[in-house]
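Asker: Sharing a structure, written as structure tokens. Questions coming.
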Amino acid sequence: MSDANDRVARIQAEWRRERPDLDVAPQGIIGRLHRLAAHLTAELVAVYARHGLGEGEFDVLAALRRAGAPYERAPVDLARHTMVTTGAMTKRLDRLEAAGLVERRAADGDGRRRIVALTQAGLAAIEAAFAEHMDNERRLVEQLSAEDRVALEPILTRWLSVYEVDEPRGSGPAR
């Protein structure tokens, strides 16, 4: 992309003209990451939509599938593994249960604790959606050279670790 087509570069040039006293170099990284994230999110949610899922529903089904057989977790664990509040999790679970993709039941030996489990339909849905999701992510990262992919991942890992210090293993939106 030439500078003439780079919106972030144009914005930086305008700020340099208007506020030469400020260093706008960080905007080059943050602005591009922000714009890239919006483009990538649009590409990702298109796949989820083809499977009748929103981003949140895909995230919940993926967290249940990653749990391994019998593909179940407590709601509080699901909230932790998807980084949403328990209130947001309840809404997601309501939608998934209404669609027949998950079921909620009492935990064995403790009628007060609840468990969320994938149904057969939910397992089939996440298997298909995740396979297409991985193909889509591969397509997206292959827009970079192999060398750039190798270099970028550890940089992003180190930067993200500043914000996600105590993440439980297997949580977060990596899906």
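In the structure tokens, chains take the letters A, B, ... in the order shown, each chain's residues start at 1, and ligands count up from 1 in the order shown.
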Assign secondary structure with DSSP using the backbone only, and return the residues of range 8-145 of chain A in alpha helix (DSSP H) as JSON, numbers by chain.
Answerer: {"A": [8, 9, 10, 11, 12, 13, 14, 15, 16, 17, 18, 25, 26, 27, 28, 29, 30, 31, 32, 33, 34, 35, 36, 37, 38, 39, 40, 41, 42, 43, 44, 45, 46, 47, 48, 49, 50, 55, 56, 57, 58, 59, 60, 61, 62, 63, 64, 65, 66, 75, 76, 77, 78, 79, 80, 81, 82, 86, 87, 88, 89, 90, 91, 92, 93, 94, 95, 96, 97, 98, 120, 121, 122, 123, 124, 125, 126, 127, 128, 129, 130, 131, 132, 133, 134, 135, 136, 137, 138, 139, 140, 141]}
Asker: Which residues come within 12 Å of Gln12 in chain A, counting only C-alpha atoms, excluding same-chain residues fewer than 2 positions away, as a VMD selection string?
Answerer: chain A and resid 3 6 to 10 14 to 20 22 to 32
Asker: If I take CA of Arg105 in chain A and CA of Gly54 in chain A, how far is one from the other in Å, to one decimal?
Answerer: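 CA of Gly54 in chain A lies at a distance of 23.5 Å from CA of Arg105 in chain A.
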Asker: List every residue of chain A that DSSP, applied to the backbone of this structure, assigns to strand (DSSP E or B), and report them as a list of chain:residue names.
Answerer: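 The strand (DSSP E or B) subset of chain A is A:Glu72, A:Arg73, A:Val102, A:Glu103, A:Arg104, A:Arg105, A:Ala106, A:Ala107, A:Asp110, A:Gly111, A:Arg112, A:Arg113, A:Arg114, A:Ile115, A:Val116, A:Ala117, A:Leu118.
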Asker: Write out, as a compact mmCIF listing (two decimals), in the first residue's frame, the residues just selected, with N, CA and C atoms.
Answerer:
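Contents of selection22.txt, as written:
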```
# COMPACT_ATOMS: atom_id res chain seq x y z
N GLU A 72 -18.40 -30.25 28.41
CA GLU A 72 -19.22 -29.50 29.36
C GLU A 72 -18.33 -28.70 30.29
N ARG A 73 -18.90 -27.62 30.80
CA ARG A 73 -18.24 -26.76 31.80
C ARG A 73 -19.33 -26.10 32.65
N VAL A 102 -26.90 -26.30 23.16
CA VAL A 102 -26.40 -26.65 24.49
C VAL A 102 -27.57 -27.03 25.37
N GLU A 103 -27.24 -27.71 26.46
CA GLU A 103 -28.24 -28.00 27.48
C GLU A 103 -27.64 -27.66 28.83
N ARG A 104 -28.50 -27.20 29.74
CA ARG A 104 -28.09 -26.90 31.10
C ARG A 104 -28.74 -27.92 32.01
N ARG A 105 -27.96 -28.41 32.97
CA ARG A 105 -28.49 -29.41 33.90
C ARG A 105 -27.77 -29.24 35.24
N ALA A 106 -28.32 -29.89 36.24
CA ALA A 106 -27.68 -29.89 37.56
C ALA A 106 -26.42 -30.74 37.49
N ALA A 107 -25.39 -30.31 38.23
CA ALA A 107 -24.15 -31.06 38.29
C ALA A 107 -24.37 -32.35 39.08
N ASP A 110 -24.45 -32.45 43.09
CA ASP A 110 -24.68 -31.12 43.66
C ASP A 110 -25.78 -30.44 42.85
N GLY A 111 -27.01 -30.56 43.30
CA GLY A 111 -28.15 -30.02 42.59
C GLY A 111 -28.15 -28.51 42.48
N ARG A 112 -27.32 -27.83 43.29
CA ARG A 112 -27.27 -26.36 43.23
C ARG A 112 -26.34 -25.89 42.11
N ARG A 113 -25.33 -26.66 41.80
CA ARG A 113 -24.40 -26.30 40.72
C ARG A 113 -24.98 -26.66 39.37
N ARG A 114 -24.74 -25.82 38.37
CA ARG A 114 -25.24 -26.07 37.03
C ARG A 114 -24.08 -26.42 36.11
N ILE A 115 -24.37 -27.19 35.09
CA ILE A 115 -23.40 -27.59 34.07
C ILE A 115 -24.01 -27.25 32.71
N VAL A 116 -23.18 -26.80 31.80
CA VAL A 116 -23.60 -26.55 30.42
C VAL A 116 -22.86 -27.56 29.56
N ALA A 117 -23.59 -28.24 28.69
CA ALA A 117 -22.99 -29.25 27.82
C ALA A 117 -23.44 -29.06 26.39
N LEU A 118 -22.56 -29.41 25.46
CA LEU A 118 -22.94 -29.43 24.06
C LEU A 118 -23.96 -30.54 23.82
```
Asker: Please compute the CA of Asp135 in chain A-CA of Glu43 in chain A distance, one decimal, in Å.
Answerer: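 Interatomic distance here is 11.6 Å.
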Asker: Figure out the distance between CA of Leu144 in chain A and CA of Leu156 in chain A, please, to one decimal in Å.
Answerer: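 Result for CA of Leu156 in chain A versus CA of Leu144 in chain A: 14.6 Å, one decimal.
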Asker: For Ala128 in chain A, which of A:Ala151, A:Val47, A:Val76, A:Val60 is the closest residue, counting only C-alpha atoms?
Answerer: A:Val47
Asker: Could you list, as a ChimeraX atom specification, every residue within 12 Å of Gly52 in chain A, counting only C-alpha atoms and ignoring same-chain residues fewer than 6 positions away?
Answerer: /A:45-46,58,95-96,99,101,122,125-126,128-129
Asker: What does the file look like for those residues with N, CA and C atoms, as an mmCIF file, in the first residue's frame?
Answerer:
```cif
data_model
loop_
_atom_site.group_PDB
_atom_site.id
_atom_site.type_symbol
_atom_site.label_atom_id
_atom_site.label_comp_id
_atom_site.auth_asym_id
_atom_site.auth_seq_id
_atom_site.Cartn_x
_atom_site.Cartn_y
_atom_site.Cartn_z
ATOM 1 N N VAL A 45 -16.414 -13.086 11.552
ATOM 2 C CA VAL A 45 -17.845 -13.215 11.860
ATOM 3 C C VAL A 45 -18.647 -13.680 10.649
ATOM 4 N N ALA A 46 -18.143 -13.437 9.450
ATOM 5 C CA ALA A 46 -18.830 -13.931 8.247
ATOM 6 C C ALA A 46 -18.888 -15.456 8.266
ATOM 7 N N PHE A 58 -20.307 -18.643 18.933
ATOM 8 C CA PHE A 58 -19.178 -19.442 18.471
ATOM 9 C C PHE A 58 -18.164 -19.616 19.607
ATOM 10 N N ARG A 95 -29.635 -18.189 24.298
ATOM 11 C CA ARG A 95 -29.770 -18.288 22.832
ATOM 12 C C ARG A 95 -29.343 -19.665 22.333
ATOM 13 N N LEU A 96 -28.232 -20.161 22.847
ATOM 14 C CA LEU A 96 -27.738 -21.467 22.410
ATOM 15 C C LEU A 96 -28.667 -22.593 22.829
ATOM 16 N N ALA A 99 -31.668 -22.677 20.640
ATOM 17 C CA ALA A 99 -31.322 -23.228 19.321
ATOM 18 C C ALA A 99 -31.029 -24.728 19.383
ATOM 19 N N LEU A 101 -28.425 -26.140 20.856
ATOM 20 C CA LEU A 101 -26.988 -26.420 20.719
ATOM 21 C C LEU A 101 -26.307 -26.735 22.047
ATOM 22 N N GLY A 122 -25.094 -29.278 18.825
ATOM 23 C CA GLY A 122 -24.064 -28.288 19.152
ATOM 24 C C GLY A 122 -22.679 -28.777 18.777
ATOM 25 N N ALA A 125 -22.368 -28.572 15.069
ATOM 26 C CA ALA A 125 -22.248 -27.179 14.641
ATOM 27 C C ALA A 125 -20.840 -26.651 14.859
ATOM 28 N N ILE A 126 -20.258 -26.900 16.044
ATOM 29 C CA ILE A 126 -18.924 -26.355 16.304
ATOM 30 C C ILE A 126 -17.860 -27.097 15.511
ATOM 31 N N ALA A 128 -18.162 -28.242 12.443
ATOM 32 C CA ALA A 128 -18.199 -27.663 11.094
ATOM 33 C C ALA A 128 -17.710 -26.217 11.099
ATOM 34 N N ALA A 129 -18.192 -25.432 12.060
ATOM 35 C CA ALA A 129 -17.818 -24.017 12.108
ATOM 36 C C ALA A 129 -16.330 -23.850 12.392
#
```
